[in-house]
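K.L.:
Have a look at the structure that comes next, please.
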Amino acid sequence: MTDADHFFAVEKRRRRRWELVFYLRVFDQSDNSLLGHVVDISEDGLMLLSEVPIELNRDFDLGLEMPESDRKGRKKISLQAHSIWKSSDANPDLIDTGFRLVEPEKNSIDAISNLIQELQF
């Protein structure tokens, strides 16, 4: 997907994406490898910032590491997501990748909604 295609894909979003005050780590749960960090998120999808390219048009079992409400601990929620676009980041050493959530469970949507309320800017 080109940067122009990415722009039009962003314009088609059904929900606003929220930027968070700090990046949350996201893991590929198939091998527990770090994929990247959340840049923005909604109940429909998310954008990751990563150091390595992420394969497009692929389903992933993501583990999103989230702070506990006291912010001292961490919990992980599982999300099924499909990689749909990528583009160069402002930092040439990094890559932005967009994911659409696939049939997220209600508890995952609730956790994302709470996260947005607590950590957005």
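Identifiers for the structure tokens are assigned positionally: chains receive A, B, ... in sequence, residues are indexed from 1 per chain, and ligands are indexed from 1 in the order shown.
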May I have the residues within 9 Å of A:Leu46 as a PyMOL selection string, using only C-alpha atoms and disregarding those fewer than 3 positions away in the same chain?
P.N.:
chain A and resi 17+38-43+81+97-101
K.L.:
Tell me, as a ChimeraX atom specification, which residues lie within 12 Å of A:Leu34, counting only C-alpha atoms; anything in the same chain fewer than 3 positions away does not count.
P.N.:
/A:24-31,37-38,48-52,54,62-65
K.L.:
Restricting it to N, CA and C atoms, dump the selection as an mmCIF file, in the first residue's frame.
P.N.:
data_model
loop_
_atom_site.group_PDB
_atom_site.id
_atom_site.type_symbol
_atom_site.label_atom_id
_atom_site.label_comp_id
_atom_site.auth_asym_id
_atom_site.auth_seq_id
_atom_site.Cartn_x
_atom_site.Cartn_y
_atom_site.Cartn_z
ATOM 1 N N LEU A 24 2.439 1.112 24.140
ATOM 2 C CA LEU A 24 2.247 -0.182 24.779
ATOM 3 C C LEU A 24 2.842 -1.268 23.889
ATOM 4 N N ARG A 25 3.477 -2.243 24.509
ATOM 5 C CA ARG A 25 4.114 -3.316 23.741
ATOM 6 C C ARG A 25 3.072 -4.303 23.220
ATOM 7 N N VAL A 26 3.319 -4.787 21.992
ATOM 8 C CA VAL A 26 2.444 -5.770 21.357
ATOM 9 C C VAL A 26 3.301 -6.947 20.910
ATOM 10 N N PHE A 27 2.837 -8.147 21.269
ATOM 11 C CA PHE A 27 3.564 -9.369 20.977
ATOM 12 C C PHE A 27 2.791 -10.242 19.996
ATOM 13 N N ASP A 28 3.530 -10.991 19.180
ATOM 14 C CA ASP A 28 2.943 -12.043 18.355
ATOM 15 C C ASP A 28 2.868 -13.259 19.268
ATOM 16 N N GLN A 29 1.654 -13.656 19.640
ATOM 17 C CA GLN A 29 1.500 -14.720 20.627
ATOM 18 C C GLN A 29 1.868 -16.103 20.085
ATOM 19 N N SER A 30 2.049 -16.220 18.756
ATOM 20 C CA SER A 30 2.443 -17.527 18.209
ATOM 21 C C SER A 30 3.867 -17.890 18.628
ATOM 22 N N ASP A 31 4.733 -16.886 18.800
ATOM 23 C CA ASP A 31 6.112 -17.154 19.219
ATOM 24 C C ASP A 31 6.582 -16.216 20.335
ATOM 25 N N HIS A 37 5.084 -1.401 19.045
ATOM 26 C CA HIS A 37 4.409 -0.614 20.072
ATOM 27 C C HIS A 37 3.196 0.090 19.467
ATOM 28 N N VAL A 38 2.121 0.183 20.255
ATOM 29 C CA VAL A 38 0.901 0.844 19.797
ATOM 30 C C VAL A 38 1.163 2.339 19.661
ATOM 31 N N LEU A 48 0.757 0.007 14.711
ATOM 32 C CA LEU A 48 1.980 -0.352 15.416
ATOM 33 C C LEU A 48 3.174 0.336 14.797
ATOM 34 N N LEU A 49 4.110 0.666 15.642
ATOM 35 C CA LEU A 49 5.416 1.179 15.229
ATOM 36 C C LEU A 49 6.401 0.050 15.489
ATOM 37 N N SER A 50 7.153 -0.344 14.459
ATOM 38 C CA SER A 50 8.070 -1.466 14.626
ATOM 39 C C SER A 50 9.400 -1.198 13.936
ATOM 40 N N GLU A 51 10.387 -1.996 14.331
ATOM 41 C CA GLU A 51 11.708 -1.888 13.724
ATOM 42 C C GLU A 51 11.852 -2.802 12.515
ATOM 43 N N VAL A 52 11.022 -3.819 12.432
ATOM 44 C CA VAL A 52 11.092 -4.774 11.316
ATOM 45 C C VAL A 52 9.763 -4.778 10.578
ATOM 46 N N ILE A 54 6.340 -5.939 9.019
ATOM 47 C CA ILE A 54 5.337 -6.924 9.407
ATOM 48 C C ILE A 54 4.602 -7.337 8.132
ATOM 49 N N LEU A 62 -2.474 -11.272 18.493
ATOM 50 C CA LEU A 62 -1.684 -10.260 19.190
ATOM 51 C C LEU A 62 -1.922 -10.314 20.690
ATOM 52 N N GLY A 63 -0.888 -10.036 21.427
ATOM 53 C CA GLY A 63 -0.976 -9.853 22.874
ATOM 54 C C GLY A 63 -0.609 -8.416 23.171
ATOM 55 N N LEU A 64 -1.580 -7.644 23.639
ATOM 56 C CA LEU A 64 -1.364 -6.233 23.958
ATOM 57 C C LEU A 64 -1.106 -6.120 25.452
ATOM 58 N N GLU A 65 0.069 -5.636 25.810
ATOM 59 C CA GLU A 65 0.447 -5.490 27.209
ATOM 60 C C GLU A 65 -0.109 -4.173 27.730
#
K.L.:
Between A:Asp110, A:Asp93, A:Asp44, A:Glu55, which residue has the minimum interatomic distance to A:Gln80, considering only C-alpha atoms?
P.N.:
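For A:Gln80, the nearest of the given residues is A:Asp44.
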K.L.:
Separation of atom CA of A:His82 and atom CA of A:Asn57, in Å?
P.N.:
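Atom CA of A:His82 sits 6.4 Å away from atom CA of A:Asn57.
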K.L.:
So how far away is atom CA of A:Leu79 from atom CA of A:Pro53, in Å?
P.N.:
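These atoms are spaced 19.6 Å apart.
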K.L.:
Distance atom CA of A:Met66-atom CA of A:Gln117, one decimal place?
P.N.:
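Atom CA of A:Gln117 lies 13.1 Å from atom CA of A:Met66.
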K.L.:
List every residue of stretch 33-121 of chain A that DSSP, applied to the backbone, labels as helix (DSSP H, G or I), and write the result as a PDB file with C-alpha atoms, in the first residue's frame.
P.N.:
ATOM      1  CA  LYS A 106     -16.544  -7.756  24.404  1.00  0.00           C
ATOM      2  CA  ASN A 107     -14.021  -7.846  27.253  1.00  0.00           C
ATOM      3  CA  SER A 108     -11.253  -6.819  24.814  1.00  0.00           C
ATOM      4  CA  ILE A 109     -13.348  -3.916  23.479  1.00  0.00           C
ATOM      5  CA  ASP A 110     -14.112  -2.844  27.051  1.00  0.00           C
ATOM      6  CA  ALA A 111     -10.399  -2.990  27.940  1.00  0.00           C
ATOM      7  CA  ILE A 112      -9.509  -0.877  24.879  1.00  0.00           C
ATOM      8  CA  SER A 113     -12.246   1.654  25.717  1.00  0.00           C
ATOM      9  CA  ASN A 114     -10.935   1.940  29.289  1.00  0.00           C
ATOM     10  CA  LEU A 115      -7.390   2.276  27.994  1.00  0.00           C
ATOM     11  CA  ILE A 116      -8.408   5.130  25.690  1.00  0.00           C
ATOM     12  CA  GLN A 117     -10.149   6.920  28.576  1.00  0.00           C
ATOM     13  CA  GLU A 118      -7.134   6.570  30.866  1.00  0.00           C
ATOM     14  CA  LEU A 119      -4.210   7.093  28.493  1.00  0.00           C
TER      15      LEU A 119
END
K.L.:
Of the candidates A:Ala90, A:Ile77, A:Phe60, A:Asn32, which shows the shortest atom-to-atom distance to A:Glu105, using only C-alpha atoms?
P.N.:
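So, comparing all the options, the nearest one is A:Ile77.
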K.L.:
Choose the residue, out of A:Ile84, A:Pro104, A:Pro92, A:Lys75, that has the smallest atom-to-atom separation from A:Asp61; count only C-alpha atoms.
P.N.:
A:Pro104
K.L.:
Would you please work out which residue, of A:Arg74, A:Ser88, A:Asp59, A:Pro67, is nearest to A:Val102 when using only C-alpha atoms?
P.N.:
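Checking each of A:Arg74, A:Ser88, A:Asp59, A:Pro67 against A:Val102, counting only C-alpha atoms, the winner is A:Asp59.
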